[in-house]
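Asker: Next up, data-v4.tsv (TSV, C-alpha atoms).
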```tsv
chain	number	residue	atom	x	y	z
A	1252	MET	CA	-22.51	34.41	-5.40
A	1253	SER	CA	-21.66	31.44	-3.24
A	1254	PRO	CA	-18.43	31.76	-1.23
A	1255	GLU	CA	-15.28	30.01	-2.40
A	1256	PRO	CA	-15.02	26.54	-0.84
A	1257	LEU	CA	-12.46	26.24	1.92
A	1258	SER	CA	-9.20	24.45	1.15
A	1259	LEU	CA	-8.34	21.35	3.17
A	1260	ALA	CA	-5.71	23.35	5.05
A	1261	GLU	CA	-8.34	25.92	6.01
A	1262	ARG	CA	-10.79	23.21	7.10
A	1263	LEU	CA	-8.16	21.49	9.23
A	1264	ALA	CA	-7.10	24.79	10.79
A	1265	ARG	CA	-10.72	25.55	11.74
A	1266	GLN	CA	-11.14	22.03	13.11
A	1267	ILE	CA	-8.06	22.47	15.31
A	1268	ALA	CA	-9.17	25.94	16.43
A	1269	SER	CA	-12.54	24.64	17.55
A	1270	GLY	CA	-11.68	21.17	18.85
A	1271	GLY	CA	-7.99	21.20	19.67
A	1272	PRO	CA	-5.06	19.33	18.16
A	1273	ILE	CA	-5.73	16.41	15.81
A	1274	SER	CA	-3.85	13.13	15.76
A	1275	ILE	CA	-1.20	12.33	13.16
A	1276	ALA	CA	-3.47	9.50	11.99
A	1277	HIS	CA	-6.37	11.89	11.44
A	1278	TYR	CA	-4.12	14.34	9.59
A	1279	ILE	CA	-2.78	11.63	7.25
A	1280	GLY	CA	-6.27	10.26	6.62
A	1281	GLU	CA	-7.77	13.64	5.73
A	1282	ALA	CA	-4.80	14.67	3.60
A	1283	ASN	CA	-4.64	11.46	1.55
A	1284	GLN	CA	-8.40	11.22	1.10
A	1285	HIS	CA	-8.41	14.67	-0.47
A	1286	TYR	CA	-5.21	14.03	-2.43
A	1287	TYR	CA	-6.35	10.83	-4.14
A	1288	ALA	CA	-9.90	12.03	-4.73
A	1289	THR	CA	-8.82	15.10	-6.70
A	1290	ARG	CA	-6.09	13.90	-9.11
A	1291	ASP	CA	-4.24	11.16	-10.92
A	1292	PRO	CA	-0.93	11.33	-9.03
A	1293	LEU	CA	0.98	8.77	-11.09
A	1294	GLY	CA	3.55	8.99	-13.87
A	1295	ALA	CA	5.98	11.61	-15.12
A	1296	GLY	CA	3.37	14.36	-14.95
A	1297	GLY	CA	2.27	13.39	-11.45
A	1298	ASP	CA	4.02	13.07	-8.12
A	1299	PHE	CA	5.40	9.52	-8.10
A	1300	THR	CA	5.81	6.37	-10.20
A	1301	THR	CA	4.96	2.87	-8.98
A	1302	ALA	CA	6.44	-0.43	-10.17
A	1303	PRO	CA	3.58	-1.28	-12.61
A	1304	GLU	CA	4.15	2.05	-14.37
A	1305	ILE	CA	7.85	1.29	-14.79
A	1306	SER	CA	7.37	-1.91	-16.79
A	1307	GLN	CA	4.71	-4.40	-17.86
A	1308	MET	CA	6.99	-7.12	-16.49
A	1309	PHE	CA	5.96	-6.33	-12.93
A	1310	GLY	CA	2.23	-6.88	-13.41
A	1311	GLU	CA	2.75	-9.86	-15.69
A	1312	LEU	CA	4.87	-11.70	-13.15
A	1313	VAL	CA	2.48	-10.95	-10.28
A	1314	GLY	CA	-0.40	-12.26	-12.40
A	1315	LEU	CA	1.51	-15.42	-13.29
A	1316	ALA	CA	2.44	-15.99	-9.64
A	1317	LEU	CA	-1.24	-15.88	-8.68
A	1318	THR	CA	-2.14	-18.12	-11.61
A	1319	ASP	CA	0.51	-20.65	-10.64
A	1320	VAL	CA	-0.65	-20.96	-7.03
A	1321	TRP	CA	-4.29	-21.15	-8.20
A	1322	MET	CA	-3.48	-23.96	-10.65
A	1323	ARG	CA	-1.58	-25.97	-8.03
A	1324	SER	CA	-4.40	-25.49	-5.51
A	1325	GLY	CA	-7.32	-26.99	-7.41
A	1326	ARG	CA	-8.15	-24.57	-10.25
A	1327	ARG	CA	-11.42	-23.36	-8.72
A	1328	PRO	CA	-13.36	-21.71	-11.60
A	1329	ASP	CA	-15.04	-19.11	-9.37
A	1330	ALA	CA	-11.85	-17.30	-8.28
A	1331	ALA	CA	-11.90	-13.48	-8.24
A	1332	TYR	CA	-8.99	-11.11	-8.92
A	1333	VAL	CA	-8.95	-8.46	-6.20
A	1334	GLU	CA	-6.64	-5.46	-6.00
A	1335	LEU	CA	-6.40	-2.91	-3.20
A	1336	GLY	CA	-5.43	0.60	-4.21
A	1337	PRO	CA	-5.00	-0.24	-7.92
A	1338	GLY	CA	-3.79	3.17	-9.15
A	1339	ARG	CA	-4.54	3.59	-12.85
A	1340	GLY	CA	-5.30	-0.13	-13.24
A	1341	THR	CA	-1.99	-0.78	-14.98
A	1342	LEU	CA	-0.95	-3.66	-12.71
A	1343	ALA	CA	-4.39	-5.26	-12.99
A	1344	SER	CA	-4.40	-4.93	-16.79
A	1345	ASP	CA	-0.94	-6.52	-17.14
A	1346	ALA	CA	-1.66	-9.23	-14.57
A	1347	LEU	CA	-5.02	-10.18	-16.08
A	1348	ARG	CA	-3.56	-10.35	-19.58
A	1349	ALA	CA	-0.92	-12.80	-18.37
A	1350	MET	CA	-3.51	-14.77	-16.38
A	1351	GLU	CA	-5.80	-15.10	-19.38
A	1352	ARG	CA	-2.93	-16.48	-21.48
A	1353	ALA	CA	-2.47	-19.09	-18.75
A	1354	ALA	CA	-6.13	-20.18	-18.93
A	1355	ILE	CA	-7.75	-18.18	-16.11
A	1356	ALA	CA	-10.07	-15.22	-16.59
A	1357	PRO	CA	-11.32	-14.23	-13.13
A	1358	LYS	CA	-13.89	-11.59	-12.35
A	1359	VAL	CA	-12.21	-8.29	-11.51
A	1360	HIS	CA	-12.87	-6.49	-8.23
A	1361	LEU	CA	-10.96	-3.32	-7.35
A	1362	VAL	CA	-11.05	-1.60	-3.96
A	1363	GLU	CA	-10.78	2.09	-4.85
A	1364	THR	CA	-12.42	5.24	-3.47
A	1365	SER	CA	-10.99	7.88	-5.83
A	1366	PRO	CA	-13.48	8.90	-8.56
A	1367	THR	CA	-10.59	10.09	-10.75
A	1368	LEU	CA	-8.71	6.79	-10.52
A	1369	ARG	CA	-11.89	4.76	-10.92
A	1370	ASP	CA	-12.40	6.41	-14.31
A	1371	ARG	CA	-8.85	5.51	-15.35
A	1372	GLN	CA	-9.32	1.93	-14.20
A	1373	ARG	CA	-12.66	1.56	-15.98
A	1374	ALA	CA	-11.09	2.72	-19.24
A	1375	LEU	CA	-8.59	-0.14	-19.05
A	1376	LEU	CA	-10.90	-2.72	-17.47
A	1377	PRO	CA	-14.52	-2.21	-18.58
A	1378	GLN	CA	-15.60	-5.33	-16.70
A	1379	VAL	CA	-14.38	-4.06	-13.33
A	1380	VAL	CA	-16.56	-4.02	-10.20
A	1381	HIS	CA	-15.52	-1.28	-7.79
A	1382	HIS	CA	-15.69	-1.39	-4.01
A	1383	ASP	CA	-15.19	1.26	-1.34
A	1384	ARG	CA	-14.26	-1.37	1.28
A	1385	ILE	CA	-13.23	-5.00	1.38
A	1386	ASP	CA	-16.39	-6.08	3.19
A	1387	THR	CA	-18.39	-5.83	-0.07
A	1388	LEU	CA	-16.08	-8.16	-2.01
A	1389	PRO	CA	-17.57	-11.44	-3.27
A	1390	ASP	CA	-18.23	-13.79	-0.36
A	1391	GLN	CA	-18.13	-16.97	-2.45
A	1392	GLY	CA	-15.09	-18.42	-4.21
A	1393	PRO	CA	-11.37	-17.91	-3.58
A	1394	LEU	CA	-9.80	-14.47	-3.70
A	1395	LEU	CA	-6.57	-13.78	-5.61
A	1396	VAL	CA	-5.47	-10.54	-3.99
A	1397	VAL	CA	-2.82	-7.97	-4.90
A	1398	ALA	CA	-1.88	-4.95	-2.77
A	1399	ASN	CA	0.98	-2.94	-4.26
A	1400	GLU	CA	1.87	0.26	-2.40
A	1401	PHE	CA	-1.47	0.21	-0.62
A	1402	PHE	CA	-0.66	-0.14	3.07
A	1403	ASP	CA	1.95	2.66	2.97
A	1404	ALA	CA	-0.73	5.29	2.31
A	1405	LEU	CA	-2.93	4.36	5.30
A	1406	PRO	CA	-3.01	6.46	8.50
A	1407	VAL	CA	-0.73	5.48	11.37
A	1408	ARG	CA	-0.76	6.58	15.00
A	1409	GLN	CA	2.53	8.04	16.22
A	1410	CYS	CA	3.60	7.87	19.86
A	1411	ILE	CA	6.52	9.94	21.20
A	1412	ARG	CA	8.63	9.50	24.33
A	1413	VAL	CA	8.37	12.48	26.69
A	1414	GLY	CA	10.35	11.96	29.88
A	1415	GLU	CA	9.15	8.69	31.39
A	1416	GLU	CA	5.88	8.78	29.46
A	1417	TRP	CA	4.69	7.96	25.98
A	1418	ARG	CA	2.24	10.39	24.45
A	1419	GLU	CA	0.31	10.50	21.20
A	1420	ARG	CA	1.86	12.82	18.63
A	1421	VAL	CA	-0.61	15.41	17.36
A	1422	VAL	CA	-0.84	18.28	14.88
A	1423	ILE	CA	-1.43	21.91	15.76
A	1424	ALA	CA	-1.93	24.91	13.48
A	1425	ARG	CA	0.32	27.97	13.56
A	1426	GLU	CA	-1.88	30.49	11.80
A	1427	GLU	CA	0.75	33.23	11.93
A	1428	GLU	CA	3.11	30.90	10.00
A	1429	GLY	CA	0.41	29.42	7.80
A	1430	ARG	CA	1.51	25.85	8.48
A	1431	PHE	CA	0.92	22.83	10.67
A	1432	ILE	CA	3.30	21.54	13.35
A	1433	PRO	CA	3.62	18.06	14.90
A	1434	VAL	CA	3.98	18.12	18.70
A	1435	ALA	CA	3.64	15.78	21.66
A	1436	GLY	CA	0.04	15.75	22.86
A	1437	TYR	CA	-1.26	15.50	26.40
A	1438	ARG	CA	-2.76	12.03	25.99
A	1439	ARG	CA	-0.65	9.37	27.69
A	1440	ILE	CA	-0.29	6.01	25.96
A	1441	GLU	CA	-0.57	3.29	28.59
A	1442	SER	CA	-0.84	0.13	26.47
A	1443	GLY	CA	-0.16	-1.34	23.05
A	1444	LEU	CA	3.53	-0.42	22.93
A	1445	PRO	CA	6.21	-3.02	22.14
A	1446	PRO	CA	8.69	-4.06	24.88
A	1447	MET	CA	11.43	-2.00	23.23
A	1448	ALA	CA	9.54	1.15	24.26
A	1449	ALA	CA	10.80	0.80	27.84
A	1450	GLU	CA	14.40	1.48	26.79
A	1451	ALA	CA	13.69	4.06	24.07
A	1452	PRO	CA	15.40	7.47	24.38
A	1453	GLU	CA	13.73	10.85	24.85
A	1454	GLY	CA	11.97	11.97	21.65
A	1455	ALA	CA	11.80	8.46	20.16
A	1456	ILE	CA	8.78	7.75	17.98
A	1457	ILE	CA	6.87	4.50	17.51
A	1458	GLU	CA	4.33	4.14	14.71
A	1459	SER	CA	1.23	1.99	15.16
A	1460	PRO	CA	-0.48	1.04	11.86
A	1461	ILE	CA	-3.92	0.65	13.40
A	1462	VAL	CA	-5.90	1.13	10.17
A	1463	GLY	CA	-3.60	-1.16	8.21
A	1464	ALA	CA	-3.86	-3.86	10.87
A	1465	GLU	CA	-7.67	-3.73	10.78
A	1466	ILE	CA	-7.79	-4.04	7.00
A	1467	ALA	CA	-5.16	-6.79	6.92
A	1468	TYR	CA	-6.99	-8.79	9.60
A	1469	ALA	CA	-10.36	-8.48	7.84
A	1470	LEU	CA	-8.86	-9.41	4.46
A	1471	ALA	CA	-7.03	-12.41	5.94
A	1472	HIS	CA	-10.29	-13.67	7.46
A	1473	ARG	CA	-11.96	-13.47	4.06
A	1474	ILE	CA	-9.22	-15.61	2.51
A	1475	ALA	CA	-9.40	-18.04	5.45
A	1476	ARG	CA	-13.15	-18.50	4.85
A	1477	GLN	CA	-13.16	-18.57	1.06
A	1478	GLY	CA	-9.73	-19.81	0.04
A	1479	GLY	CA	-7.18	-17.97	-2.02
A	1480	ALA	CA	-3.89	-16.13	-1.80
A	1481	ALA	CA	-2.61	-12.58	-1.46
A	1482	ILE	CA	0.58	-10.89	-2.66
A	1483	LEU	CA	1.49	-7.73	-0.74
A	1484	ILE	CA	4.28	-5.47	-2.04
A	1485	ASP	CA	5.39	-2.26	-0.37
A	1486	TYR	CA	8.38	-0.50	1.06
A	1487	GLY	CA	8.98	-1.16	4.71
A	1488	TYR	CA	10.65	-3.14	7.44
A	1489	GLU	CA	10.21	-6.05	9.82
A	1490	GLY	CA	9.14	-4.43	13.07
A	1491	PRO	CA	8.69	-3.33	15.68
A	1492	ALA	CA	11.06	-0.42	15.23
A	1493	LEU	CA	11.67	3.11	16.40
A	1494	GLY	CA	11.49	6.06	14.04
A	1495	ASP	CA	9.35	8.61	12.26
A	1496	THR	CA	8.85	7.36	8.68
A	1497	LEU	CA	6.18	9.85	7.61
A	1498	GLN	CA	7.16	11.44	4.32
A	1499	ALA	CA	5.60	13.46	1.52
A	1500	VAL	CA	6.34	13.31	-2.20
A	1501	LYS	CA	5.35	16.01	-4.68
A	1502	ALA	CA	6.52	16.25	-8.29
A	1503	HIS	CA	8.88	13.30	-7.67
A	1504	ARG	CA	10.67	15.12	-4.85
A	1505	PHE	CA	10.43	14.86	-1.09
A	1506	ALA	CA	8.35	17.61	0.47
A	1507	ASP	CA	7.30	18.80	3.94
A	1508	PRO	CA	4.47	16.48	5.12
A	1509	PHE	CA	2.93	19.33	7.11
A	1510	ALA	CA	2.84	21.91	4.34
A	1511	ASP	CA	-0.20	22.10	2.02
A	1512	PRO	CA	-2.11	19.03	3.31
A	1513	GLY	CA	-3.86	17.17	0.50
A	1514	GLU	CA	-1.45	18.46	-2.15
A	1515	ALA	CA	1.28	15.78	-1.74
A	1516	ASP	CA	1.33	12.03	-1.29
A	1517	LEU	CA	1.79	11.09	2.38
A	1518	THR	CA	3.19	7.65	3.21
A	1519	THR	CA	4.87	5.71	6.02
A	1520	HIS	CA	6.99	2.58	5.88
A	1521	VAL	CA	5.02	-0.64	6.23
A	1522	ASP	CA	5.57	-3.04	9.14
A	1523	PHE	CA	5.63	-6.46	7.47
A	1524	THR	CA	5.75	-8.19	10.84
A	1525	MET	CA	2.33	-6.71	11.56
A	1526	LEU	CA	0.99	-7.90	8.19
A	1527	GLY	CA	2.25	-11.42	8.84
A	1528	ASN	CA	0.81	-11.47	12.36
A	1529	MET	CA	-2.64	-10.44	11.14
A	1530	ALA	CA	-2.62	-13.26	8.58
A	1531	ARG	CA	-1.44	-15.87	11.08
A	1532	GLN	CA	-4.13	-14.85	13.56
A	1533	ALA	CA	-6.70	-15.56	10.85
A	1534	GLY	CA	-5.21	-19.00	10.23
A	1535	LEU	CA	-3.32	-18.29	6.99
A	1536	ARG	CA	0.20	-19.35	6.07
A	1537	VAL	CA	2.69	-16.51	5.56
A	1538	HIS	CA	5.53	-16.50	3.03
A	1539	GLY	CA	8.27	-13.89	3.23
A	1540	PRO	CA	8.88	-11.06	3.31
A	1541	VAL	CA	11.62	-11.12	0.70
A	1542	GLY	CA	13.12	-8.21	-1.19
A	1543	GLN	CA	11.22	-7.19	-4.31
A	1544	GLY	CA	14.33	-7.87	-6.39
A	1545	ASP	CA	14.63	-11.47	-5.14
A	1546	PHE	CA	10.89	-11.98	-5.59
A	1547	LEU	CA	10.90	-10.83	-9.22
A	1548	ARG	CA	14.07	-12.71	-10.08
A	1549	GLN	CA	12.63	-15.95	-8.71
A	1550	LEU	CA	9.54	-15.38	-10.85
A	1551	GLY	CA	11.71	-15.01	-13.97
A	1552	ILE	CA	12.07	-11.30	-14.64
A	1553	ASP	CA	15.53	-11.78	-16.18
A	1554	ALA	CA	14.20	-14.23	-18.77
A	1555	ARG	CA	11.18	-12.03	-19.46
A	1556	ALA	CA	13.43	-8.99	-19.99
A	1557	GLU	CA	15.56	-10.93	-22.47
A	1558	GLN	CA	12.43	-12.02	-24.33
A	1559	LEU	CA	11.10	-8.47	-24.57
A	1560	ALA	CA	14.48	-7.20	-25.74
A	1561	ARG	CA	14.62	-9.80	-28.51
A	1562	THR	CA	11.07	-8.99	-29.59
A	1563	ALA	CA	11.73	-5.24	-29.72
A	1564	PRO	CA	15.49	-4.61	-30.07
A	1565	ALA	CA	14.99	-0.86	-30.25
A	1566	ARG	CA	13.62	-0.97	-26.69
A	1567	ALA	CA	16.34	-3.23	-25.27
A	1568	ALA	CA	18.03	-0.47	-23.25
A	1569	GLU	CA	14.67	0.71	-21.91
A	1570	VAL	CA	13.72	-2.83	-20.86
A	1571	GLU	CA	17.07	-3.36	-19.12
A	1572	ALA	CA	16.79	-0.04	-17.29
A	1573	ALA	CA	13.31	-1.00	-16.06
A	1574	ARG	CA	14.49	-4.45	-14.94
A	1575	ALA	CA	17.37	-2.87	-13.02
A	1576	ARG	CA	15.15	-0.26	-11.39
A	1577	LEU	CA	12.72	-2.93	-10.18
A	1578	THR	CA	15.34	-5.36	-8.88
A	1579	ASP	CA	18.63	-3.64	-7.98
A	1580	GLY	CA	19.39	-3.07	-4.32
A	1581	GLU	CA	20.27	0.58	-4.98
A	1582	ALA	CA	16.81	1.11	-6.53
A	1583	MET	CA	13.62	-0.74	-5.50
A	1584	GLY	CA	15.02	-4.24	-5.03
A	1585	THR	CA	15.74	-4.19	-1.30
A	1586	LEU	CA	13.67	-1.42	0.32
A	1587	PHE	CA	10.54	-2.78	-1.36
A	1588	LYS	CA	9.48	-6.14	0.00
A	1589	ALA	CA	7.00	-8.83	-1.01
A	1590	MET	CA	4.93	-11.08	1.23
A	1591	ALA	CA	2.34	-13.71	0.37
A	1592	TRP	CA	-0.54	-15.19	2.35
A	1593	THR	CA	-2.17	-18.48	1.42
A	1594	HIS	CA	-5.11	-20.47	2.70
A	1595	PRO	CA	-3.77	-23.46	4.69
A	1596	ASP	CA	-5.08	-25.87	2.02
A	1597	TRP	CA	-3.39	-24.02	-0.84
A	1598	ALA	CA	0.04	-24.67	-2.34
A	1599	ASP	CA	3.12	-22.57	-1.54
A	1600	PRO	CA	3.45	-19.60	-3.92
A	1601	ALA	CA	6.47	-19.12	-6.14
A	1602	GLY	CA	8.92	-16.30	-5.49
A	1603	PHE	CA	9.50	-16.71	-1.75
A	1604	GLU	CA	12.35	-19.17	-1.44
A	1605	ARG	CA	15.15	-17.78	0.73
```
Please render this file's structure as structure tokens.

Answerer:
Amino acid sequence: MSPEPLSLAERLARQIASGGPISIAHYIGEANQHYYATRDPLGAGGDFTTAPEISQMFGELVGLALTDVWMRSGRRPDAAYVELGPGRGTLASDALRAMERAAIAPKVHLVETSPTLRDRQRALLPQVVHHDRIDTLPDQGPLLVVANEFFDALPVRQCIRVGEEWRERVVIAREEEGRFIPVAGYRRIESGLPPMAAEAPEGAIIESPIVGAEIAYALAHRIARQGGAAILIDYGYEGPALGDTLQAVKAHRFADPFADPGEADLTTHVDFTMLGNMARQAGLRVHGPVGQGDFLRQLGIDARAEQLARTAPARAAEVEAARARLTDGEAMGTLFKAMAWTHPDWADPAGFER
């Protein structure tokens, strides 16, 4: 008989025992890679619910926003719909349905590494072309890109103030306790910190979204070369800022990020200033960020909710509850933010007037 395969926690513990502490970024990357590869985490029976799963209105309005900017920017027939981290494919399905009604039927390219989620996406979108990375996306024709709750799941480096120094935060294993512990490492951070770091107090933490910045920069360069637009929606802030935003969600409740790695969704808040800077460096125009509630209201979610309620009166309360959850400040309307990038020759997108 072959031995039972090691759990991710056991593999990480052995890695730490043999090679020393691992970075927070490495821990997040390993945990989320395992997590997404082994389950469908979405919906009531999963760990969390994203905006597209709350209501079809979300995906429809995102699709219409992309269609609108495409139409006012020349109607190139070779445009491709691209989504990063597309979950079950719900957003893409709703967006593409709305786009087709508005006279555009782009090829569909999804950047997804999870075999489980790829199967769910293919069931909804048989025509989909999957990609592991953005560098295999079509290199001809404009890209109409959506990234909803994508950047929040990427690894970040954490730096912590120790005396007069900044050090990388790392993870150690406490075998006697059967858990992992974040601590200040020995590696000093000499560069790459914002000016605010000089006045930060003892124990302060600064997060550096290195992986997210690399992906954003590469994606922005593709749009700069080929034309197109991107809509990025996530929860986050306009940085730089101090604070540890690493959190875990399991069964729709917050959990300990350092317990049972790979069995909960790990996320950090997204720095929208970084996303905008990456796009500007590539030569794109940046719109926003604005709150998700303002974004959806400007796109017409109130009118769409009224239309759906008239069409199906028995679902009127459900539709109103979904609209409120997506737009109210006490729900997703303020913490979640939307940003758009456009090629310099493209029109301004709808939804970003302040």

Asker: Select, from A:Ala1469, A:Ala1349, A:Ala1556, A:Cys1410, the residue with the minimum atom-to-atom distance to Glu1569 of chain A, counting all atoms listed in the file.

Answerer: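 Comparing A:Ala1469, A:Ala1349, A:Ala1556, A:Cys1410 against Glu1569 of chain A, the winner is A:Ala1556.
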
Asker: Rank nothing, just name the residue among A:Gly1490, A:Pro1406, A:Pro1564, A:Gly1513 nearest to Ala1260 of chain A, using only C-alpha atoms.

Answerer: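 Of A:Gly1490, A:Pro1406, A:Pro1564, A:Gly1513, the one nearest Ala1260 of chain A is A:Gly1513, counting only C-alpha atoms.
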
Asker: What separation in Å, quoted to one decimal, exists between atom CA of Ile1279 of chain A and atom CA of Arg1371 of chain A?

Answerer: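 Separation between atom CA of Ile1279 of chain A and atom CA of Arg1371 of chain A: 24.2 Å.
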
Asker: Please compute the atom CA of Ala1282 of chain A-atom CA of Pro1512 of chain A distance, one decimal, in Å.

Answerer: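 Atom-to-atom, atom CA of Ala1282 of chain A to atom CA of Pro1512 of chain A, that is 5.1 Å.
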
Asker: When distances are computed from all atoms listed in the file, which of A:His1360, A:Arg1504, A:Arg1476, A:Arg1548 shows the smallest separation from Asp1579 of chain A?

Answerer: A:Arg1548
